[in-house]
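Please read the structure below before turning to the comments.
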Amino acid sequence: MKPVLIVGAGPVGAVCALALQQQGVAAQVLEAQPEDARVDTRTLALSHGSRLILERLGVWAQLDDATPITRIHISQRGALGVARLSAEEVNVPALGYVLPYASLTVALKRALGDAGIAVDYGVAVTRIESGSEMASLHAADGRVHAAPLVVVADGGRGDTAPAPKFERDYDQTAVVCEVQTELPHANQAYERFTPDGPAALLPKGDRHAPQGDSDFLRAEARERSYALVWTARNADAQRIAALPDDAFLAALYRHFGGRQGLFLHASPRKTFPLKLAWTGSEAAARVVRIGNAAQTLHPVAGQGFNIGLRDAWELASLCGDTPADAIGDAAMLAAYARGRRLDVLGGVGFTDFLVRVFSNDSAPLRHARGLGLLALEALPPLKAFVARRMMFGAHG
Ligand SMILES: Cc1cc2nc3c(=O)[nH]c(=O)nc-3n(C[C@H](O)[C@H](O)[C@H](O)COP(=O)(O)OP(=O)(O)OC[C@H]3O[C@@H](n4cnc5c(N)ncnc54)[C@H](O)[C@@H]3O)c2cc1C
């Protein structure tokens, strides 16, 4: 059988290729960027479920800079109601892990190389043609590749994307950077809802055994480092991102509050426009879309990559369970779409609900939200449900 073709060696495409190989199904990957491309500065919150997938692929052991999240503090600005989730309460070592996108992609690239999976770097796919027996890919270098299954994992950024079936513009942009706080993070993450959008602080860096004075100072700084995702209205985001450091830190303190003491340092800011776009997996015969290519979510509650990883894992498992001559056929793709529907639409609905219900200043909603947070804090079964939902998705 011809190898499955994967468009994009981002985290989802790479995980799909590795998981397929583990299932005994060969894959070939085409990636638009060169192998040594500078990678994204964003930080990902990986769920415990994603860790289990990366462990099974042998990638987790290569990630030495993942910071465990053992507690999550959820609140809303200017109103009552706080909820706290802890790993202890749900009996897991950590609710999730914070990891630089760059570390993950480097580890995955290495794993692809070690596994001998063919990756054509610097080759963009310009057109995808579906067909009843084979789909074909037209690459920018002029070559045409054909396969019984094409997996599109291009992050939804390629020119090959069909129009989304559902789209929502939140009028929100994420301002992203690293900040240092006065108080150590103690592995606690924050999600703080404000009328302009949620602000998240993700603990980044543990204190490792220091060797000398300078190591000690570095370790001190690490345990006060947070990745910040500050969601603002589009009209305000560029202004906030461009503030001089002192003004930015003061504005962040006013926005977020003093739970971590003062904000002491901030790295250069980057902005990411945010939207919801659901394209769905059943694009065309012999072609399936996964990860951000199928659904681009608001980063609230850190769901996007985790859902994409489950897409990749489930697709590879299904390929492994399907006879070789039926891989990519209509029945297999329909089974894949059916199997993923609940988890994906659950994630889309959950993040959309959070953004829309929390990003406004309506008094009745503010009180209802406060009651919701109080209920979450007071009801252990509800807490366990929410925590499991965030760790494992709808099948949690
Ligand atoms: C500010 C921000 C914070 C986020 N935080 C979190 C979080 O905490 N937790 C979480 O789970 N998710 C988070 N996300 C979402 C997460 O970043 C994405 O879900 C994840 O990166 C998607 O991975 P992917 O592999 O599908 O796409 P990408 O990471 O976009 O990778 C796509 C790859 O395809 C390649 N490509 C594109 N077009 C082509 C082409 N035509 N031919 C060949 N190759 C191509 C690209 O070069 C790239 O390497 C966040 C997103 C943002 C914007």
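Numbering starts fresh at 1 for the residues of each chain in the structure tokens, the chains themselves are lettered A, B, ... in the order given, and ligands are numbered from 1 as they appear.
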May I have the residues within 7 Å of ligand 1, computed using only C-alpha atoms and all ligand atoms, as a PDB file with C-alpha atoms, in the first residue's frame?
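Produced file pocket-v6.pdb, reproduced below:
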```pdb
ATOM      1  CA  VAL A   7       0.190  17.804   4.913  1.00  0.00           C
ATOM      2  CA  GLY A   8       2.017  19.675   7.705  1.00  0.00           C
ATOM      3  CA  ALA A   9       4.610  18.560  10.258  1.00  0.00           C
ATOM      4  CA  GLY A  10       3.200  20.756  13.032  1.00  0.00           C
ATOM      5  CA  PRO A  11       2.537  18.953  16.311  1.00  0.00           C
ATOM      6  CA  VAL A  12      -0.682  17.320  15.096  1.00  0.00           C
ATOM      7  CA  GLY A  13       0.707  16.124  11.739  1.00  0.00           C
ATOM      8  CA  LEU A  30       5.141  17.337   3.434  1.00  0.00           C
ATOM      9  CA  GLU A  31       5.968  20.458   5.433  1.00  0.00           C
ATOM     10  CA  ALA A  32       5.980  23.983   3.977  1.00  0.00           C
ATOM     11  CA  GLN A  33       8.671  25.317   6.283  1.00  0.00           C
ATOM     12  CA  ARG A  42       3.500  30.400  21.925  1.00  0.00           C
ATOM     13  CA  THR A  43       3.147  28.202  24.953  1.00  0.00           C
ATOM     14  CA  LEU A  44       0.810  25.217  25.086  1.00  0.00           C
ATOM     15  CA  ALA A  45      -1.071  23.785  28.048  1.00  0.00           C
ATOM     16  CA  LEU A  46      -1.125  20.035  27.489  1.00  0.00           C
ATOM     17  CA  VAL A 123       7.661  21.766   0.314  1.00  0.00           C
ATOM     18  CA  ALA A 124       4.268  23.491   0.442  1.00  0.00           C
ATOM     19  CA  VAL A 125       1.202  21.715  -0.845  1.00  0.00           C
ATOM     20  CA  THR A 126      -0.667  24.001  -3.217  1.00  0.00           C
ATOM     21  CA  ALA A 153      -2.822  18.916   9.300  1.00  0.00           C
ATOM     22  CA  ASP A 154      -1.803  22.336   7.961  1.00  0.00           C
ATOM     23  CA  GLY A 155      -3.217  24.272  10.920  1.00  0.00           C
ATOM     24  CA  GLY A 156      -5.991  25.651   8.701  1.00  0.00           C
ATOM     25  CA  ARG A 157      -3.474  28.073   7.249  1.00  0.00           C
ATOM     26  CA  GLY A 158      -2.991  26.521   3.835  1.00  0.00           C
ATOM     27  CA  ASP A 159      -4.686  27.696   0.639  1.00  0.00           C
ATOM     28  CA  THR A 160      -6.303  24.282   0.413  1.00  0.00           C
ATOM     29  CA  ALA A 174      -4.347  37.273  22.329  1.00  0.00           C
ATOM     30  CA  VAL A 176       1.214  36.624  24.499  1.00  0.00           C
ATOM     31  CA  VAL A 229      -2.209  34.866  27.340  1.00  0.00           C
ATOM     32  CA  PHE A 272      -2.540  36.241  17.733  1.00  0.00           C
ATOM     33  CA  LEU A 274      -8.580  34.648  17.766  1.00  0.00           C
ATOM     34  CA  ILE A 290      -7.348  17.033  11.667  1.00  0.00           C
ATOM     35  CA  GLY A 291      -6.105  19.449  14.349  1.00  0.00           C
ATOM     36  CA  ASN A 292      -6.475  23.152  13.638  1.00  0.00           C
ATOM     37  CA  ALA A 293      -7.185  22.319   9.997  1.00  0.00           C
ATOM     38  CA  THR A 296      -9.522  26.368  15.260  1.00  0.00           C
ATOM     39  CA  LEU A 297     -10.608  27.232  18.777  1.00  0.00           C
ATOM     40  CA  PRO A 299      -7.339  29.305  23.506  1.00  0.00           C
ATOM     41  CA  GLY A 302      -6.286  25.348  26.423  1.00  0.00           C
ATOM     42  CA  GLN A 303      -8.284  22.852  24.391  1.00  0.00           C
ATOM     43  CA  GLY A 304      -7.143  23.287  20.756  1.00  0.00           C
ATOM     44  CA  PHE A 305      -3.961  21.271  20.581  1.00  0.00           C
ATOM     45  CA  ASN A 306      -5.266  18.613  22.951  1.00  0.00           C
ATOM     46  CA  ILE A 307      -8.266  17.960  20.711  1.00  0.00           C
ATOM     47  CA  GLY A 308      -5.960  17.927  17.667  1.00  0.00           C
TER      48      GLY A 308
END
```
Please return as a PyMOL selection string: the residues of stretch 45-111 of chain A that backbone DSSP assigns to strand (DSSP E or B). chain A and resi 45-47+67-69+71-76+82-86+96-100
Coordinates-based distance that separates atom CA of A:Asp65 from atom CA of A:Thr41 (Å, one decimal):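 Distance reported for this atom pair: 14.4 Å.
Minimum distance to A:Thr231 across A:Pro195, A:Gly339, A:Pro268, A:Pro93 (counting only C-alpha atoms) occurs at A:Pro195.
With distances restricted to only C-alpha atoms, A:Gly58 is the closest residue to A:Leu18 from A:Gly346, A:Pro244, A:Gly58, A:Pro380.
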A:Val150 environment, 6 Å, only C-alpha atoms, sequence neighbours closer than 5 positions dropped, as a CSV table (one decimal) with N, CA, C and O atoms, in the first residue's frame:
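That gives us out_10.csv:
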```csv
chain,number,residue,atom,x,y,z
A,5,LEU,N,-0.4,10.1,3.1
A,5,LEU,CA,0.3,11.4,2.9
A,5,LEU,C,-0.2,12.4,4.0
A,5,LEU,O,-1.5,12.5,4.2
A,6,ILE,N,0.7,13.1,4.7
A,6,ILE,CA,0.2,14.1,5.7
A,6,ILE,C,0.7,15.5,5.3
A,6,ILE,O,1.9,15.6,5.0
A,287,VAL,N,-9.8,12.3,1.7
A,287,VAL,CA,-9.1,13.4,2.4
A,287,VAL,C,-9.7,13.6,3.8
A,287,VAL,O,-11.0,13.6,3.9
```
Going by DSSP on the backbone, which bits of stretch 151-291 of chain A are helix (DSSP H, G or I)? Write them as a PyMOL selection string, please. chain A and resi 213-222+234-242+245-256+291
Take atom CA of A:Ile69 and atom CA of A:Glu377 and report the distance between them in Å, one decimal. 17.9 Å
Quick check, in Å to one decimal: how far apart do atom CA of A:Leu202 and atom CA of A:Asn187 lie? 8.3 Å
Name the residues in contact with A:Leu201 at a cut-off of 9 Å, using only C-alpha atoms, excluding same-chain residues fewer than 2 positions from it; report them as a list of chain:residue names. A:Val179, A:Gln188, A:Ala189, A:Tyr190, A:Glu191, A:Arg192, A:Ala199, A:Pro203, A:Tyr226, A:Ala227, A:Leu228, A:Val229, A:Trp230
Neighbours of A:Ser359 within 8 Å (only C-alpha atoms; same-chain residues fewer than 5 positions away dropped), as a list in words? Phe193, Thr194, Pro195, Asp196, Gly197, Pro198 and Leu354 of chain A
How would the residues just chosen look if you wrote them out with C-alpha atoms as a compact mmCIF listing (two decimals), in the first residue's frame?
```txt
# COMPACT_ATOMS: atom_id res chain seq x y z
CA PHE A 193 -12.40 36.13 33.08
CA THR A 194 -12.92 39.79 32.28
CA PRO A 195 -15.52 41.53 30.08
CA ASP A 196 -12.83 42.01 27.39
CA GLY A 197 -11.89 38.32 27.36
CA PRO A 198 -10.08 35.79 29.55
CA LEU A 354 -16.94 30.19 28.03
```
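Distance annotation: of A:Pro381, A:His298, A:Met332, A:Met390, the residue with the minimal separation from A:Gly320 is A:Met332; atom set is only C-alpha atoms.
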Please provide as a list in words all residues within 10 Å of A:Leu243, with the sequence filter that same-chain residues fewer than 6 positions apart are discarded (counting only C-alpha atoms).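 Listing them by chain and then by number gives Leu249, Ala251 and Arg269 of chain A.
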Could you tell me which of A:Ala285, A:Ile327, A:Ser50, A:Arg224 comes closest to A:Ile128 if we count only C-alpha atoms?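 Under the stated criterion, the closest residue is A:Ala285.
With distances restricted to only C-alpha atoms, A:Arg84 is the closest residue to A:Arg71 from A:Arg340, A:Arg84, A:Arg259, A:Lys109.
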